[in-house]
Amino acid sequence: MQIFSNATLEGARNCVLACGGAEKGMDVLILSLVDDISNHVEEKAVQALAAVCQEVGARPFALWATGMEKGWWDDPSEIVLGAFANADLVINNTLAIGRPLKAVRELMFSKGIPMVRNMATTVGILSSDWARFPFELSDEITFRVGNTLDRASQYRIVHANGTDITGKLGKPSMTQSGISQYGTKRGKTRNRPFPQGAFSPTTSREANGIIVFDRSIPWESQHLGLPELSWHHEVRVTIENNKIVNIDGGFEASQLRKFFEETARHIGPDAWNLSSFHGGINPKAGVKISPETNPALWHRGKHNHPSVFHFHLGGSKEVEGYDYPYMWHISVEIDSPKVYLDGEIFISDGRLSVFDDLEIRELAAKYGDPDELLSVAETPVSALRGGTSNRGIQEANK
């Protein structure tokens, strides 16, 4: 018989019950990949998720799949898709079999299968402050951030590294994000990230300016043949009327150009779009692990920290889906920019303005000291220069 700590069970209940909404009689698929180097999954964490399903009378089915070695650029098997299609709820512990794949988007948004995109795939993360942060509170933060985005018409993002870009806000894409407005509780949507870590990708329109960065997501960097933690040179991207018109920055810039050129063969000029942006919302996001030990696992927390902001360079969120089934954007990050919406501060010094809303503080008081719950945990260790990836660009675009 497996025994779990109270903290592990608290995190598992927050995932399966508060976020997933598992109930008696539901068939719950817990989906994982074997030997997934980009997204480590511990069997004991899977067992804890299954145990919580059984607590409420749901039926858990744990499926460990193979055949996704290239991540987003593989086709999941019909067996995996069949299991997904016949579940009442999917707890998805994989990165590769996720929203970017057209087949999975169709199951979520057309057939209506709710999916929890679970990032708490180890006992350590499942037991962490991040995974145990009250889901109701994180969902309300996400909702209020979304309401602010819905009301705004223009944005400006500036950073001391030279980033300075201004544009208009577009509507979210139903085919890509599954929501019709940003002010939406993620616990009611088909695509439910857990632990909640970032607000919904926000569509950019008519943007002009400069974005400067020196990293992407580790496993995206792997596909680009670049270091996982931090690149050797900064890249400077010039945006005109929401399109990438110039990329400067040594070898890194040339690898990015190759990605966009190859993707353009499949989706056309939209490959050069500034698709969207978003940032972290969970004040406790973080994974206590050395970045060199497992860059992808360490980065999972950093990517969802309020101090980190992400741009998606690639296909447009306003296009109603592409025939191309694979990933069509690259995520790039900068730390602690100032973000303005209609001239008002939205994010500053790694903190969301919504954390100071009276209603948010009152809700936090249900679960403990609002000052403690809403205090931003120490920023995860800054990305190190160099990194460890040496995988060349794969035949990602088939």
# chains A, B, ... in the order shown; residues from 1 in each chain; ligands from 1

$ residues_around --residues "region 47-59 of chain A" --least-positions-apart "2" --cutoff "6 Å" --atoms "only C-alpha atoms" --output "PyMOL selection string"
chain A and resi 12+23-28+44-45

$ residues_around --residues "Thr94 (chain A)" --least-positions-apart "3" --cutoff "10 Å" --atoms "only C-alpha atoms" --output "number ranges by chain"
A: 30-34, 36, 38-41, 64-65, 68, 71, 91, 97-98, 117-119, 121

$ write_last_selection --atoms "N, CA and C atoms" --output "compact mmCIF listing (two decimals), in the first residue's frame"
# COMPACT_ATOMS: atom_id res chain seq x y z
N ILE A 30 -5.21 9.43 -16.50
CA ILE A 30 -3.97 10.06 -16.05
C ILE A 30 -2.90 9.67 -17.06
N LEU A 31 -2.52 10.63 -17.91
CA LEU A 31 -1.69 10.37 -19.07
C LEU A 31 -0.26 10.84 -18.84
N SER A 32 0.70 9.95 -19.06
CA SER A 32 2.12 10.27 -18.87
C SER A 32 2.93 9.65 -20.00
N LEU A 33 4.15 10.18 -20.19
CA LEU A 33 5.08 9.61 -21.16
C LEU A 33 6.22 8.90 -20.44
N VAL A 34 6.65 7.79 -21.00
CA VAL A 34 7.77 7.03 -20.44
C VAL A 34 9.09 7.74 -20.78
N ASP A 36 10.35 10.65 -20.28
CA ASP A 36 10.20 11.97 -20.89
C ASP A 36 11.27 12.90 -20.33
N SER A 38 12.05 15.86 -21.11
CA SER A 38 11.65 17.26 -21.02
C SER A 38 10.61 17.50 -19.94
N ASN A 39 10.04 16.43 -19.38
CA ASN A 39 8.92 16.59 -18.46
C ASN A 39 8.88 15.38 -17.53
N HIS A 40 9.78 15.35 -16.56
CA HIS A 40 9.92 14.18 -15.70
C HIS A 40 8.64 13.90 -14.92
N VAL A 41 8.22 12.64 -14.91
CA VAL A 41 7.01 12.21 -14.19
C VAL A 41 7.41 11.10 -13.22
N TRP A 64 0.68 5.04 -19.56
CA TRP A 64 2.04 5.49 -19.84
C TRP A 64 2.32 5.21 -21.31
N ALA A 65 2.59 6.26 -22.07
CA ALA A 65 2.74 6.13 -23.52
C ALA A 65 4.19 6.32 -23.95
N MET A 68 6.85 9.66 -28.44
CA MET A 68 6.78 11.11 -28.59
C MET A 68 8.15 11.73 -28.33
N GLY A 71 8.66 15.37 -29.13
CA GLY A 71 7.74 16.33 -28.52
C GLY A 71 6.62 16.75 -29.44
N ILE A 91 -6.12 14.05 -16.81
CA ILE A 91 -5.02 14.68 -16.08
C ILE A 91 -3.77 14.41 -16.92
N ILE A 97 1.91 15.86 -25.61
CA ILE A 97 0.53 15.55 -26.02
C ILE A 97 -0.36 16.62 -25.41
N GLY A 98 -0.26 17.83 -25.93
CA GLY A 98 -0.97 18.95 -25.33
C GLY A 98 -1.66 19.83 -26.33
N ARG A 117 -3.79 20.38 -17.60
CA ARG A 117 -2.37 20.35 -17.99
C ARG A 117 -1.55 20.40 -16.72
N ASN A 118 -1.18 19.21 -16.21
CA ASN A 118 -0.57 19.12 -14.89
C ASN A 118 0.94 19.29 -14.95
N MET A 119 1.44 20.32 -14.28
CA MET A 119 2.87 20.56 -14.18
C MET A 119 3.45 19.99 -12.89
N THR A 121 4.24 17.06 -11.61
CA THR A 121 4.42 15.66 -11.99
C THR A 121 5.45 14.93 -11.14

$ select_by_dssp --residues "region 4-194 of chain A" --states "strand (DSSP E or B)" --output "PyMOL selection string"
chain A and resi 27-33+59-65+89-92+115-118+154-158+164-169+191-194

$ select_by_dssp --residues "region 250-385 of chain A" --states "alpha helix (DSSP H)" --output "MDAnalysis selection string"
chainID A and resid 250:267 295:303 358:364 370:373

$ residues_around --residues "Arg361 (chain A)" --least-positions-apart "3" --cutoff "12 Å" --atoms "only C-alpha atoms" --output "number ranges by chain"
A: 137-138, 140-141, 354-358, 364-375

$ closest_residue --among "A:Met327, A:Leu149, A:Leu224, A:Ile345" --to "Phe199 (chain A)" --atoms "only C-alpha atoms"
A:Leu149

$ residues_around --residues "Gln196 (chain A)" --least-positions-apart "4" --cutoff "8 Å" --atoms "only C-alpha atoms" --output "count of residues only"
6

$ closest_residue --among "A:Ser230, A:Ser200, A:Ser290, A:Ser331" --to "Ile217 (chain A)" --atoms "only C-alpha atoms"
A:Ser331

$ closest_residue --among "A:Ile211, A:Ile267, A:Ala62, A:Ile360" --to "Asp323 (chain A)" --atoms "only C-alpha atoms"
A:Ile267

$ closest_residue --among "A:Arg105, A:His278, A:His312, A:Arg265" --to "Val339 (chain A)" --atoms "only C-alpha atoms"
A:His278

$ residues_around --residues "Asp88 (chain A)" --least-positions-apart "2" --cutoff "9 Å" --atoms "only C-alpha atoms" --output "list in words"
Ala22, Met26, Asp27, Val28, Leu29, Phe84, Ala85, Asn86, Val90, Ile113 and Pro114 of chain A

$ residues_around --residues "Asp248 (chain A)" --least-positions-apart "2" --cutoff "10 Å" --atoms "only C-alpha atoms" --output "count of residues only"
15

$ decode --residues "region 320-333 of chain A" --atoms "N, CA and C atoms" --output "PDB file, in the first residue's frame"
ATOM      1  N   GLU A 320      -8.146  31.161 -37.347  1.00  0.00           N
ATOM      2  CA  GLU A 320      -8.973  30.109 -36.764  1.00  0.00           C
ATOM      3  C   GLU A 320      -8.404  28.724 -37.050  1.00  0.00           C
ATOM      4  N   GLY A 321      -7.206  28.491 -36.540  1.00  0.00           N
ATOM      5  CA  GLY A 321      -6.590  27.179 -36.662  1.00  0.00           C
ATOM      6  C   GLY A 321      -5.839  27.010 -37.969  1.00  0.00           C
ATOM      7  N   TYR A 322      -4.786  26.209 -37.930  1.00  0.00           N
ATOM      8  CA  TYR A 322      -4.000  25.892 -39.114  1.00  0.00           C
ATOM      9  C   TYR A 322      -4.143  24.411 -39.422  1.00  0.00           C
ATOM     10  N   ASP A 323      -4.020  24.053 -40.710  1.00  0.00           N
ATOM     11  CA  ASP A 323      -3.989  22.642 -41.061  1.00  0.00           C
ATOM     12  C   ASP A 323      -2.730  21.974 -40.512  1.00  0.00           C
ATOM     13  N   TYR A 324      -1.668  22.766 -40.394  1.00  0.00           N
ATOM     14  CA  TYR A 324      -0.409  22.272 -39.837  1.00  0.00           C
ATOM     15  C   TYR A 324      -0.630  21.857 -38.387  1.00  0.00           C
ATOM     16  N   PRO A 325      -0.369  20.572 -38.025  1.00  0.00           N
ATOM     17  CA  PRO A 325      -0.787  20.096 -36.698  1.00  0.00           C
ATOM     18  C   PRO A 325       0.198  20.358 -35.579  1.00  0.00           C
ATOM     19  N   TYR A 326       1.385  20.898 -35.887  1.00  0.00           N
ATOM     20  CA  TYR A 326       2.428  20.981 -34.883  1.00  0.00           C
ATOM     21  C   TYR A 326       2.630  22.403 -34.360  1.00  0.00           C
ATOM     22  N   MET A 327       3.614  22.545 -33.480  1.00  0.00           N
ATOM     23  CA  MET A 327       3.868  23.828 -32.856  1.00  0.00           C
ATOM     24  C   MET A 327       4.310  24.859 -33.891  1.00  0.00           C
ATOM     25  N   TRP A 328       3.785  26.088 -33.794  1.00  0.00           N
ATOM     26  CA  TRP A 328       4.092  27.119 -34.782  1.00  0.00           C
ATOM     27  C   TRP A 328       4.550  28.427 -34.148  1.00  0.00           C
ATOM     28  N   HIS A 329       4.935  28.386 -32.873  1.00  0.00           N
ATOM     29  CA  HIS A 329       5.544  29.587 -32.303  1.00  0.00           C
ATOM     30  C   HIS A 329       6.714  29.208 -31.393  1.00  0.00           C
ATOM     31  N   ILE A 330       7.550  30.181 -31.131  1.00  0.00           N
ATOM     32  CA  ILE A 330       8.654  30.050 -30.175  1.00  0.00           C
ATOM     33  C   ILE A 330       8.384  31.012 -29.024  1.00  0.00           C
ATOM     34  N   SER A 331       8.546  30.528 -27.796  1.00  0.00           N
ATOM     35  CA  SER A 331       8.358  31.371 -26.615  1.00  0.00           C
ATOM     36  C   SER A 331       9.688  31.996 -26.223  1.00  0.00           C
ATOM     37  N   VAL A 332       9.700  33.300 -26.000  1.00  0.00           N
ATOM     38  CA  VAL A 332      10.906  33.979 -25.535  1.00  0.00           C
ATOM     39  C   VAL A 332      10.569  34.772 -24.279  1.00  0.00           C
ATOM     40  N   GLU A 333      11.543  34.890 -23.383  1.00  0.00           N
ATOM     41  CA  GLU A 333      11.269  35.440 -22.058  1.00  0.00           C
ATOM     42  C   GLU A 333      12.161  36.629 -21.723  1.00  0.00           C
TER      43      GLU A 333
END
